[in-house]
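Coordinates from input10.csv are shown below (CSV, C-alpha atoms).
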```
chain,number,residue,atom,x,y,z
V,448,ILE,CA,25.1,38.0,-53.5
V,449,GLN,CA,23.1,39.9,-56.2
V,450,MET,CA,23.6,39.0,-59.8
V,451,THR,CA,22.7,41.5,-62.6
V,452,GLN,CA,22.7,40.8,-66.4
V,453,SER,CA,22.7,43.0,-69.5
V,454,PRO,CA,21.1,43.4,-71.7
V,455,PRO,CA,17.7,42.1,-70.5
V,456,TYR,CA,16.6,41.6,-74.2
V,457,LEU,CA,18.6,41.2,-77.3
V,458,SER,CA,17.4,40.9,-80.9
V,459,ALA,CA,19.7,39.1,-83.3
V,460,SER,CA,19.7,37.1,-86.5
V,461,VAL,CA,21.0,33.6,-87.3
V,462,GLY,CA,24.8,33.8,-87.8
V,463,ASP,CA,25.2,36.9,-85.5
V,464,GLY,CA,27.7,36.9,-82.6
V,465,VAL,CA,26.0,37.6,-79.2
V,466,THR,CA,27.5,38.8,-75.9
V,467,ILE,CA,25.7,38.7,-72.6
V,468,THR,CA,27.3,40.1,-69.5
V,469,CYS,CA,26.7,39.2,-65.8
V,470,ARG,CA,27.9,41.1,-62.8
V,471,ALA,CA,28.1,40.0,-59.2
V,472,SER,CA,27.7,42.3,-56.2
V,473,GLN,CA,30.9,41.0,-54.7
V,474,SER,CA,33.9,39.0,-55.8
V,475,ILE,CA,32.9,35.3,-56.5
V,476,SER,CA,36.1,34.0,-58.1
V,477,THR,CA,35.0,31.9,-61.1
V,478,TYR,CA,31.9,30.4,-59.4
V,479,VAL,CA,29.5,31.4,-62.2
V,480,ASN,CA,27.3,29.0,-64.2
V,481,TRP,CA,25.3,29.8,-67.3
V,482,TYR,CA,22.0,28.2,-68.2
V,483,GLN,CA,19.8,28.2,-71.3
V,484,GLN,CA,16.0,28.0,-71.1
V,485,ARG,CA,13.7,27.6,-74.0
V,486,PRO,CA,10.0,28.4,-73.5
V,487,GLY,CA,8.2,25.6,-71.8
V,488,ASN,CA,11.4,23.7,-70.9
V,489,ALA,CA,13.5,23.3,-67.9
V,490,PRO,CA,16.8,25.1,-67.8
V,491,LYS,CA,19.9,23.5,-69.3
V,492,LEU,CA,23.4,23.9,-68.0
V,493,LEU,CA,25.8,25.4,-70.7
V,494,ILE,CA,28.9,26.5,-68.8
V,495,TYR,CA,30.2,26.0,-65.3
V,496,THR,CA,32.9,27.7,-63.3
V,497,ALA,CA,32.8,30.6,-65.7
V,498,SER,CA,34.4,29.0,-68.7
V,499,THR,CA,34.1,25.2,-68.7
V,500,LEU,CA,31.7,23.9,-71.4
V,501,GLN,CA,29.3,21.3,-70.2
V,502,ASN,CA,29.5,18.0,-72.1
V,503,GLY,CA,27.5,18.1,-75.3
V,504,VAL,CA,27.2,21.9,-75.5
V,505,PRO,CA,28.3,23.2,-78.9
V,506,SER,CA,31.6,25.0,-79.0
V,507,ARG,CA,30.0,28.2,-80.3
V,508,PHE,CA,29.2,28.9,-76.7
V,509,SER,CA,32.0,30.2,-74.5
V,510,GLY,CA,32.3,31.9,-71.2
V,511,SER,CA,34.9,34.0,-69.4
V,512,GLY,CA,35.5,36.2,-66.4
V,513,SER,CA,36.4,36.2,-62.8
V,514,GLY,CA,35.8,38.3,-59.7
V,515,THR,CA,32.7,40.2,-60.4
V,516,ASP,CA,32.4,40.4,-64.2
V,517,PHE,CA,31.5,37.5,-66.5
V,518,THR,CA,30.6,37.1,-70.1
V,519,LEU,CA,28.7,34.5,-72.2
V,520,ILE,CA,29.4,34.6,-75.9
V,521,ILE,CA,27.6,32.8,-78.7
V,522,SER,CA,29.9,33.0,-81.7
V,523,SER,CA,27.3,32.4,-84.4
V,524,LEU,CA,23.7,32.2,-83.4
V,525,GLN,CA,21.8,29.2,-84.6
V,526,PRO,CA,17.9,28.9,-84.7
V,527,GLU,CA,17.9,26.7,-81.6
V,528,ASP,CA,19.8,29.4,-79.6
V,529,PHE,CA,16.8,31.8,-79.4
V,530,ALA,CA,16.1,31.4,-75.7
V,531,THR,CA,16.6,33.0,-72.3
V,532,TYR,CA,20.0,32.8,-70.7
V,533,TYR,CA,20.7,33.0,-66.9
V,534,CYS,CA,23.9,33.3,-65.0
V,535,GLN,CA,24.0,31.9,-61.5
V,536,GLN,CA,26.6,32.2,-58.7
V,537,SER,CA,27.6,29.1,-56.7
V,538,PHE,CA,30.0,30.9,-54.4
V,539,GLY,CA,27.7,31.1,-51.4
V,540,THR,CA,24.1,30.2,-50.5
V,541,PRO,CA,21.6,31.3,-51.6
V,542,PHE,CA,22.9,30.4,-55.0
V,543,THR,CA,21.3,33.4,-56.8
V,544,PHE,CA,20.4,33.7,-60.4
V,545,GLY,CA,20.6,36.7,-62.6
V,546,PRO,CA,17.3,38.1,-64.0
V,547,GLY,CA,17.9,36.6,-67.4
V,548,THR,CA,18.7,37.8,-71.0
V,549,THR,CA,16.2,36.9,-73.7
V,550,VAL,CA,17.6,36.5,-77.2
V,551,ASP,CA,14.9,36.7,-79.8
V,552,VAL,CA,14.7,37.0,-83.6
V,553,LYS,CA,15.4,40.4,-85.1
B,306,GLU,CA,20.3,8.5,-68.8
B,307,MET,CA,20.1,10.5,-65.5
B,308,GLN,CA,16.6,11.6,-64.7
B,309,LEU,CA,14.7,13.6,-62.1
B,310,LEU,CA,10.9,13.5,-61.9
B,311,GLU,CA,9.0,15.9,-59.7
B,312,SER,CA,5.5,15.3,-58.3
B,313,GLY,CA,3.2,16.7,-55.7
B,314,GLY,CA,2.3,20.1,-57.2
B,315,GLY,CA,-1.3,21.4,-57.4
B,316,LEU,CA,-3.7,24.0,-56.3
B,317,VAL,CA,-3.7,25.0,-52.6
B,318,GLN,CA,-5.3,27.8,-50.6
B,319,PRO,CA,-3.2,30.5,-48.9
B,320,GLY,CA,-1.9,29.3,-45.6
B,321,GLY,CA,-2.0,25.7,-46.8
B,322,SER,CA,0.7,23.1,-47.2
B,323,LEU,CA,2.1,20.9,-49.9
B,324,ARG,CA,4.9,18.4,-50.2
B,325,LEU,CA,6.9,18.1,-53.4
B,326,SER,CA,8.9,15.0,-54.3
B,327,CYS,CA,11.7,14.5,-56.8
B,328,ALA,CA,12.6,10.9,-57.7
B,329,ALA,CA,16.1,10.4,-59.1
B,330,SER,CA,17.3,7.6,-61.4
B,331,ASP,CA,20.5,6.5,-63.1
B,332,PHE,CA,23.0,8.2,-60.9
B,333,THR,CA,24.5,7.7,-57.4
B,334,PHE,CA,21.9,9.9,-55.6
B,335,ASN,CA,23.7,9.8,-52.2
B,336,SER,CA,26.9,11.3,-53.8
B,337,TYR,CA,25.3,14.6,-54.8
B,338,ALA,CA,23.9,17.7,-53.3
B,339,MET,CA,20.4,18.5,-54.6
B,340,ALA,CA,18.4,21.7,-54.9
B,341,TRP,CA,15.0,23.2,-55.6
B,342,VAL,CA,14.6,26.1,-58.0
B,343,ARG,CA,11.3,27.8,-58.8
B,344,GLN,CA,10.0,30.0,-61.6
B,345,ALA,CA,6.9,32.2,-61.1
B,346,PRO,CA,4.8,32.8,-64.2
B,347,GLY,CA,6.6,34.9,-66.7
B,348,LYS,CA,9.5,35.5,-64.3
B,349,GLY,CA,13.1,34.3,-63.9
B,350,LEU,CA,14.7,31.5,-61.9
B,351,GLN,CA,14.9,31.6,-58.1
B,352,TRP,CA,17.0,29.2,-56.1
B,353,VAL,CA,14.8,28.1,-53.2
B,354,SER,CA,16.7,25.5,-51.2
B,355,GLY,CA,19.6,23.1,-51.3
B,356,ILE,CA,20.8,20.1,-49.3
B,357,THR,CA,24.1,18.3,-49.1
B,358,ASN,CA,24.5,14.7,-50.2
B,359,ARG,CA,23.9,13.2,-46.8
B,360,GLY,CA,21.4,15.8,-45.7
B,361,VAL,CA,23.7,17.2,-43.0
B,362,SER,CA,23.5,20.8,-44.3
B,363,THR,CA,20.7,22.7,-45.8
B,364,GLY,CA,20.2,26.2,-47.1
B,365,TYR,CA,17.1,28.4,-48.0
B,366,ALA,CA,16.3,31.6,-49.8
B,367,ASP,CA,15.2,34.3,-47.3
B,368,SER,CA,11.7,34.3,-48.8
B,369,VAL,CA,11.0,30.7,-47.8
B,370,LYS,CA,13.1,30.4,-44.6
B,371,GLY,CA,11.0,29.1,-41.7
B,372,ARG,CA,8.2,28.0,-44.0
B,373,PHE,CA,9.9,25.4,-46.3
B,374,THR,CA,11.9,22.4,-45.3
B,375,ILE,CA,14.1,20.4,-47.7
B,376,SER,CA,14.9,16.8,-47.0
B,377,ARG,CA,16.0,13.6,-48.7
B,378,ASP,CA,15.7,9.8,-48.5
B,379,ASN,CA,18.9,8.4,-50.0
B,380,SER,CA,17.7,4.8,-49.7
B,381,ASN,CA,14.8,5.6,-52.0
B,382,LYS,CA,16.7,8.2,-54.1
B,383,THR,CA,14.1,10.9,-53.4
B,384,LEU,CA,14.3,14.6,-52.6
B,385,PHE,CA,11.5,16.4,-50.8
B,386,LEU,CA,10.3,20.0,-50.2
B,387,GLN,CA,7.8,20.5,-47.5
B,388,MET,CA,6.0,23.8,-48.0
B,389,ASN,CA,3.9,25.3,-45.2
B,390,SER,CA,2.1,28.6,-44.8
B,391,LEU,CA,1.9,29.0,-48.5
B,392,ARG,CA,1.4,32.5,-50.0
B,393,ALA,CA,0.2,33.7,-53.4
B,394,GLU,CA,3.8,34.6,-54.2
B,395,ASP,CA,4.9,31.0,-53.9
B,396,THR,CA,3.0,30.2,-57.1
B,397,ALA,CA,5.5,28.9,-59.5
B,398,VAL,CA,6.9,25.9,-61.4
B,399,TYR,CA,9.2,24.1,-59.0
B,400,TYR,CA,12.2,22.3,-60.4
B,401,CYS,CA,14.6,19.9,-58.7
B,402,ALA,CA,18.2,19.6,-59.9
B,403,ARG,CA,21.3,17.8,-59.0
B,404,ASP,CA,23.7,20.5,-57.7
B,405,ASN,CA,27.4,20.9,-57.4
B,406,PRO,CA,28.9,24.4,-56.8
B,407,MET,CA,31.9,23.4,-58.9
B,408,THR,CA,30.0,22.0,-61.9
B,409,GLY,CA,26.6,23.6,-61.9
B,410,MET,CA,23.1,22.3,-61.7
B,411,THR,CA,22.4,19.3,-64.0
B,412,PRO,CA,20.2,17.5,-64.7
B,413,TRP,CA,16.9,19.2,-64.0
B,414,GLY,CA,13.5,17.7,-63.7
B,415,GLN,CA,10.6,18.8,-65.9
B,416,GLY,CA,9.0,20.8,-63.1
B,417,THR,CA,5.8,20.6,-61.0
B,418,ARG,CA,3.4,23.5,-60.9
B,419,VAL,CA,2.2,24.9,-57.6
B,420,THR,CA,-0.7,27.4,-57.5
B,421,VAL,CA,-1.6,29.2,-54.3
B,422,SER,CA,-5.0,30.7,-54.6
B,423,SER,CA,-8.4,30.9,-52.9
```

Represent the structure from my file as structure tokens, please.
Amino acid sequence: IQMTQSPPYLSASVGDGVTITCRASQSISTYVNWYQQRPGNAPKLLIYTASTLQNGVPSRFSGSGSGTDFTLIISSLQPEDFATYYCQQSFGTPFTFGPGTTVDVK
Amino acid sequence: EMQLLESGGGLVQPGGSLRLSCAASDFTFNSYAMAWVRQAPGKGLQWVSGITNRGVSTGYADSVKGRFTISRDNSNKTLFLQMNSLRAEDTAVYYCARDNPMTGMTPWGQGTRVTVSS
């Protein structure tokens, strides 16, 4: 299963709303997870099964979608949110990741 | 706090072997599937291999199938990745993570760096 993401890069300012999309090459129900990775750090789980917020993740993050099209939304960007975001499908092995979307400072 | 700590990375020549370890603490290791994910320099994440909680079932990315072997020692709460016939393109930071298809991969270790070069 191939995962694509758009855009690959996104420039934004603190307080902006941000939308990242992820598309699967076949229907995967809601088996999509989203991760945040800051430079030099391990990835961190944000959202699982498309829309469930991981414990401790701020509510400005939200996810939606099913089938082949998924969305990660950050409602109001904070300084610590400048990072790279990956979607991942857990419908079938290999559990492929998308290529990532880097959110940087405008 | 749940923790994973990888070790075993280093510099190895093409064609060589390396065994990575991932020590788990503060969760019931034998209740969870585990996985290895790698990240080549400047690149994205690649799922490498996964193993079910009792080690009965394993899976591999096509790029490592036949060369890498995942295993686990539940009594010592340790995950392994045996890497043989290493290639330059295997150069990456290797992360271990607790895995659940329903709830995602968390936590992650800090990673161990593998460099394949002559």

Any chance you could tabulate, as CSV, the residues of range 326-381 of chain B at most 10 Å from range 530-542 of chain V with each one's nearest atom pair and distance in Å to one decimal, using only C-alpha atoms, in chain and rising number order?
```
residue,atom,partner,partner_atom,distance
B:Ala340,CA,V:Phe542,CA,9.8
B:Val342,CA,V:Phe542,CA,9.8
B:Gly349,CA,V:Tyr533,CA,8.3
B:Leu350,CA,V:Tyr533,CA,8.0
B:Gln351,CA,V:Phe542,CA,8.7
B:Trp352,CA,V:Phe542,CA,6.1
B:Val353,CA,V:Pro541,CA,7.7
B:Ser354,CA,V:Pro541,CA,7.6
B:Gly355,CA,V:Thr540,CA,8.4
B:Thr363,CA,V:Thr540,CA,9.5
B:Gly364,CA,V:Thr540,CA,6.5
B:Tyr365,CA,V:Pro541,CA,6.5
B:Ala366,CA,V:Pro541,CA,5.6
B:Asp367,CA,V:Pro541,CA,8.3
```

query = What is the distance, in Å and to one decimal place, between CA of Gln344 in chain B and CA of Phe529 in chain V?
reply = 19.1 Å

Sorted by chain and rising residue number, which residues of chain V lie within 8 Å of chain B, and what are their closest atom pairs and distances in Å to one decimal, counting only C-alpha atoms, as JSON lines?
```
{"residue": "V:Tyr478", "atom": "CA", "partner": "B:Met407", "partner_atom": "CA", "distance": 7.0}
{"residue": "V:Asn480", "atom": "CA", "partner": "B:Gly409", "partner_atom": "CA", "distance": 5.9}
{"residue": "V:Asn488", "atom": "CA", "partner": "B:Gln415", "partner_atom": "CA", "distance": 7.0}
{"residue": "V:Ala489", "atom": "CA", "partner": "B:Gln415", "partner_atom": "CA", "distance": 5.7}
{"residue": "V:Pro490", "atom": "CA", "partner": "B:Trp413", "partner_atom": "CA", "distance": 7.0}
{"residue": "V:Lys491", "atom": "CA", "partner": "B:Thr411", "partner_atom": "CA", "distance": 7.2}
{"residue": "V:Leu492", "atom": "CA", "partner": "B:Thr411", "partner_atom": "CA", "distance": 6.2}
{"residue": "V:Ile494", "atom": "CA", "partner": "B:Gly409", "partner_atom": "CA", "distance": 7.8}
{"residue": "V:Tyr495", "atom": "CA", "partner": "B:Thr408", "partner_atom": "CA", "distance": 5.3}
{"residue": "V:Thr496", "atom": "CA", "partner": "B:Met407", "partner_atom": "CA", "distance": 6.2}
{"residue": "V:Tyr533", "atom": "CA", "partner": "B:Leu350", "partner_atom": "CA", "distance": 8.0}
{"residue": "V:Ser537", "atom": "CA", "partner": "B:Pro406", "partner_atom": "CA", "distance": 4.9}
{"residue": "V:Phe538", "atom": "CA", "partner": "B:Pro406", "partner_atom": "CA", "distance": 7.0}
{"residue": "V:Thr540", "atom": "CA", "partner": "B:Gly364", "partner_atom": "CA", "distance": 6.5}
{"residue": "V:Pro541", "atom": "CA", "partner": "B:Ala366", "partner_atom": "CA", "distance": 5.6}
{"residue": "V:Phe542", "atom": "CA", "partner": "B:Trp352", "partner_atom": "CA", "distance": 6.1}
{"residue": "V:Thr543", "atom": "CA", "partner": "B:Trp352", "partner_atom": "CA", "distance": 6.1}
{"residue": "V:Phe544", "atom": "CA", "partner": "B:Leu350", "partner_atom": "CA", "distance": 6.3}
{"residue": "V:Gly545", "atom": "CA", "partner": "B:Leu350", "partner_atom": "CA", "distance": 7.9}
{"residue": "V:Pro546", "atom": "CA", "partner": "B:Gly349", "partner_atom": "CA", "distance": 5.7}
{"residue": "V:Gly547", "atom": "CA", "partner": "B:Gly349", "partner_atom": "CA", "distance": 6.4}
```

task = Tell me, as a list in words, which residues lie within 6 Å of range 372-389 of chain B, counting all atoms listed in the file; anything in the same chain fewer than 4 positions away does not count.
result = Ser322, Leu323, Arg324, Leu325, Ser326, Cys327, Ala328, Ala329, Phe334 and Asn335 of chain B

Mind completing range 492-503 of chain V with all heavy atoms? Output as a short mmCIF file (atom, residue, chain, number, x, y, z; two decimals), in the coordinates of the input, please?
```cif
data_model
loop_
_atom_site.label_atom_id
_atom_site.label_comp_id
_atom_site.auth_asym_id
_atom_site.auth_seq_id
_atom_site.Cartn_x
_atom_site.Cartn_y
_atom_site.Cartn_z
N LEU V 492 22.10 23.38 -68.35
CA LEU V 492 23.40 23.90 -68.00
C LEU V 492 24.28 24.01 -69.30
O LEU V 492 24.40 23.04 -70.05
CB LEU V 492 24.13 22.99 -67.02
CG LEU V 492 25.56 23.34 -66.64
CD1 LEU V 492 25.61 24.66 -65.86
CD2 LEU V 492 26.18 22.22 -65.81
N LEU V 493 24.87 25.19 -69.52
CA LEU V 493 25.80 25.40 -70.70
C LEU V 493 27.23 25.42 -70.25
O LEU V 493 28.07 24.77 -70.86
CB LEU V 493 25.44 26.74 -71.34
CG LEU V 493 24.08 26.94 -71.98
CD1 LEU V 493 23.97 28.37 -72.50
CD2 LEU V 493 23.85 25.92 -73.08
N ILE V 494 27.51 26.22 -69.23
CA ILE V 494 28.90 26.50 -68.80
C ILE V 494 28.94 26.54 -67.31
O ILE V 494 28.04 27.09 -66.67
CB ILE V 494 29.36 27.84 -69.42
CG1 ILE V 494 29.60 27.70 -70.92
CG2 ILE V 494 30.61 28.36 -68.71
CD1 ILE V 494 29.82 29.00 -71.64
N TYR V 495 29.99 25.95 -66.73
CA TYR V 495 30.20 26.00 -65.30
C TYR V 495 31.57 26.58 -64.96
O TYR V 495 32.47 26.56 -65.80
CB TYR V 495 29.93 24.67 -64.60
CG TYR V 495 30.79 23.53 -65.08
CD1 TYR V 495 32.01 23.23 -64.48
CD2 TYR V 495 30.36 22.71 -66.13
CE1 TYR V 495 32.78 22.17 -64.90
CE2 TYR V 495 31.13 21.64 -66.56
CZ TYR V 495 32.33 21.37 -65.94
OH TYR V 495 33.10 20.31 -66.38
N THR V 496 31.71 27.03 -63.73
CA THR V 496 32.90 27.70 -63.30
C THR V 496 33.43 28.69 -64.33
O THR V 496 34.62 28.67 -64.70
CB THR V 496 34.00 26.77 -62.78
OG1 THR V 496 34.21 25.76 -63.77
CG2 THR V 496 33.59 26.15 -61.47
N ALA V 497 32.53 29.50 -64.81
CA ALA V 497 32.80 30.60 -65.70
C ALA V 497 33.16 30.30 -67.12
O ALA V 497 32.74 31.03 -68.04
CB ALA V 497 33.87 31.56 -65.09
N SER V 498 33.90 29.22 -67.34
CA SER V 498 34.40 29.00 -68.70
C SER V 498 34.46 27.58 -69.17
O SER V 498 34.89 27.33 -70.31
CB SER V 498 35.85 29.59 -68.78
OG SER V 498 36.70 28.92 -67.88
N THR V 499 34.01 26.63 -68.34
CA THR V 499 34.10 25.20 -68.70
C THR V 499 32.77 24.81 -69.41
O THR V 499 31.69 24.91 -68.82
CB THR V 499 34.33 24.32 -67.52
OG1 THR V 499 35.52 24.74 -66.85
CG2 THR V 499 34.48 22.86 -67.97
N LEU V 500 32.89 24.34 -70.64
CA LEU V 500 31.70 23.90 -71.40
C LEU V 500 31.18 22.60 -70.92
O LEU V 500 31.94 21.62 -70.80
CB LEU V 500 32.13 23.84 -72.89
CG LEU V 500 31.07 24.04 -73.96
CD1 LEU V 500 30.48 25.45 -73.88
CD2 LEU V 500 31.67 23.80 -75.34
N GLN V 501 29.88 22.55 -70.63
CA GLN V 501 29.30 21.30 -70.20
C GLN V 501 29.31 20.31 -71.39
O GLN V 501 29.22 20.69 -72.57
CB GLN V 501 27.81 21.56 -69.80
CG GLN V 501 26.95 20.34 -69.55
CD GLN V 501 27.38 19.54 -68.31
OE1 GLN V 501 28.32 19.90 -67.62
NE2 GLN V 501 26.68 18.45 -68.05
N ASN V 502 29.46 19.02 -71.08
CA ASN V 502 29.50 18.00 -72.10
C ASN V 502 28.27 18.11 -73.03
O ASN V 502 27.13 18.25 -72.58
CB ASN V 502 29.47 16.60 -71.47
CG ASN V 502 30.80 16.25 -70.85
OD1 ASN V 502 31.81 16.88 -71.13
ND2 ASN V 502 30.80 15.25 -69.98
N GLY V 503 28.53 18.05 -74.32
CA GLY V 503 27.50 18.10 -75.30
C GLY V 503 27.02 19.44 -75.75
O GLY V 503 26.21 19.56 -76.68
#
```
